[in-house]
Amino acid sequence: MAPISMSGKPQSPHLPFGDRQNAPFYGKDVLSVKQFERADLEYVFAVAHEMREMVARVGTFDLLKGKIMASLFYEPSTRTSSSFTAAMQRLGGCVININEVQYSSVSKGESLPDTVRTLECYADVIVLRHPEVGASALAAEYAEKPVINAGDGIGEHPTQALLDLFTILEELQRVDGLTVTMLGDLKYGRTVHSLARLLSCFNVNINYVAPEILKMPAHIIEELNGNGTEQTQSGDLESVLAQTDVLYVTRVQRERFENPDEYETVKDAYNITPQTMARAKENMILMHPLPRVGEIDMAVDKDPRAAYFRQMEYGLYVRMALLAMVLGKS
Ligand code: ASP
Ligand code: CP
């Protein structure tokens, strides 16, 4: 299948891989979705689509042979760390994994700037997850090699937002004209902070549905207002469910609460069940960055509109595309 462009028109089906040191993002950091314009997104998704086809056809190939990725995770991860590792390995590259920083010299008190300057002696690109907002930007200030933000506290998760948008495009073949409803912990959820910003490159309506204490931060709503994006806020899914094309559910982020009692008051705020899905559009999709902890009933998994497992797979292709781009091979 030819890759679908943002406008819904098929694009040139073949993007030959090779040295592309003049390509966008060669040698660059990926820190925020604010770095991406529509043309960049077209490019990333065309490469990701090509990666998907290559994986289906040959599984693994040698585009990044000889390259090394350092994977540095100060916070837990299953999907992001393993899909970046799989992406590098499918492209023939190697990985240095520091997923348990307590066993590294971080536990001796080594700073983030020194840790990244150490890793770049051995690796060509650094993928970093850290609990503090701005940690990736700080790392990038010190590292000469590209740094990819794999989540910085409650700040951003740009590669997740790229894979979320790729999922929407692959599943619904368009982004313009869609109504996207974000549900759950919109205050602490970095995935929705990045996704809302990325969606504002398109002509979309965004509904935010959250408990009062977990509302989308006002500065992000103002930022999107500035782009002319239509946005609504409420605490009630039912008022927007029937119009929703993409329902993006998020986990209430227990680890971000200062007061555990507050978490208890909102932890079960929403639960998507087959009955909820019965009131949704026939051709909508249900997404979740995962992990889920009860906000989507497992009985929903067999609904063809439940896209969250496919969404994880799309993440592999998007991360393959990003690694190839920053390393000058796409
Ligand atoms: N895995 C996503 C993140 O790291 C979402 C979540 O943890 O709920 O931001
Ligand atoms: N979606 C996501 O970032 O998952 P992990 O926290 O498991 O990496």
# chains A, B, ... in the order shown; residues from 1 in each chain; ligands from 1
$ residues_near_ligand --ligand "ligand 2" --cutoff "6 Å" --atoms "only C-alpha atoms and all ligand atoms" --output "list in words"
Ser77, Thr78, Arg79, Thr80, Ser81, Pro289 and Leu290 of chain A
$ select_by_dssp --residues "region 127-303 of chain A" --states "strand (DSSP E or B)" --output "JSON, numbers by chain"
{"A": [127, 128, 129, 130, 147, 148, 149, 150, 151, 152, 179, 180, 181, 182, 183, 205, 206, 207, 208, 209, 230, 231, 232, 233, 234, 246, 247, 248, 249, 272, 285, 286, 287, 296]}
$ residues_near_ligand --ligand "ligand 1" --cutoff "10 Å" --atoms "only C-alpha atoms and all ligand atoms" --output "VMD selection string"
chain A and resid 75 to 80 129 to 131 150 to 158 160 185 188 to 193 249 to 255 288 to 293
$ residues_around --residues "Gly59 (chain A)" --least-positions-apart "6" --cutoff "10 Å" --atoms "only C-alpha atoms" --output "ChimeraX atom specification"
/A:51-53,90-91
$ closest_residue --among "A:Ser136, A:Asn225, A:Gln311, A:Ser234" --to "Asp164 (chain A)" --atoms "only C-alpha atoms"
A:Gln311
$ closest_residue --among "A:Leu286, A:Ala140, A:Leu198, A:Ile220" --to "Thr181 (chain A)" --atoms "only C-alpha atoms"
A:Leu286
$ residues_around --residues "Phe84 (chain A)" --least-positions-apart "5" --cutoff "9 Å" --atoms "only C-alpha atoms" --output "PyMOL selection string"
chain A and resi 69+71+79+89+127+315-316+319-320+323
$ write_last_selection --atoms "C-alpha atoms" --output "compact mmCIF listing (two decimals), in the first residue's frame"
# COMPACT_ATOMS: atom_id res chain seq x y z
CA MET A 69 22.22 3.92 20.40
CA SER A 71 19.18 4.04 25.91
CA ARG A 79 7.14 0.17 25.30
CA GLN A 89 18.22 -3.83 16.11
CA VAL A 127 17.52 8.20 23.99
CA GLY A 315 5.67 3.01 17.46
CA LEU A 316 8.34 0.64 16.19
CA ARG A 319 11.12 5.12 16.00
CA MET A 320 12.94 3.32 13.18
CA LEU A 323 16.66 6.92 14.26
$ residues_around --residues "region 199-214 of chain A" --least-positions-apart "4" --cutoff "8 Å" --atoms "only C-alpha atoms" --output "PyMOL selection string"
chain A and resi 37-38+165+175-188+195+224+227+229-237+240+266+269
$ select_by_dssp --residues "region 40-255 of chain A" --states "alpha helix (DSSP H)" --output "JSON, numbers by chain"
{"A": [40, 41, 42, 43, 44, 45, 46, 47, 48, 49, 50, 51, 52, 53, 54, 55, 56, 57, 58, 79, 80, 81, 82, 83, 84, 85, 86, 87, 88, 89, 90, 112, 113, 114, 115, 116, 117, 118, 119, 135, 136, 137, 138, 139, 140, 141, 142, 158, 159, 160, 161, 162, 163, 164, 165, 166, 167, 168, 169, 170, 171, 172, 190, 191, 192, 193, 194, 195, 196, 197, 198, 199, 218, 219, 220, 221, 222, 223, 224, 225, 226, 238, 239, 240, 241]}
$ residues_around --residues "Met325 (chain A)" --least-positions-apart "5" --cutoff "7 Å" --atoms "only C-alpha atoms" --output "list in words"
Phe25, Tyr26 and Ser330 of chain A
$ closest_residue --among "A:Arg197, A:Lys28, A:Thr159, A:Met312" --to "Gly228 (chain A)" --atoms "only C-alpha atoms"
A:Arg197
$ atom_distance --atom1 "CA of Thr276 (chain A)" --atom2 "CA of Arg305 (chain A)"
12.2 Å
$ atom_distance --atom1 "CA of Glu238 (chain A)" --atom2 "CA of Glu171 (chain A)"
23.5 Å
$ atom_distance --atom1 "CA of Asp297 (chain A)" --atom2 "CA of Arg310 (chain A)"
17.0 Å
$ residues_around --residues "Phe166 (chain A)" --least-positions-apart "4" --cutoff "10 Å" --atoms "only C-alpha atoms" --output "list in words"
Met6, Leu41, Glu42, Val44, Phe45, Ala46, Ala48, His49, Gln160, Ala161, Leu162, Glu170, Glu171, Leu172, Gln173, Arg174, Val175, Gln311, Tyr314, Gly315, Tyr317 and Val318 of chain A
$ closest_residue --among "A:Tyr263, A:Tyr248, A:Tyr122, A:Tyr270" --to "Ile168 (chain A)" --atoms "only C-alpha atoms"
A:Tyr248
$ closest_residue --among "A:Ile96, A:Leu128, A:Val55, A:Ala143" --to "Pro113 (chain A)" --atoms "only C-alpha atoms"
A:Ala143
$ closest_residue --among "A:Thr244, A:Cys94, A:Ser82, A:Ala70" --to "Thr118 (chain A)" --atoms "only C-alpha atoms"
A:Ala70
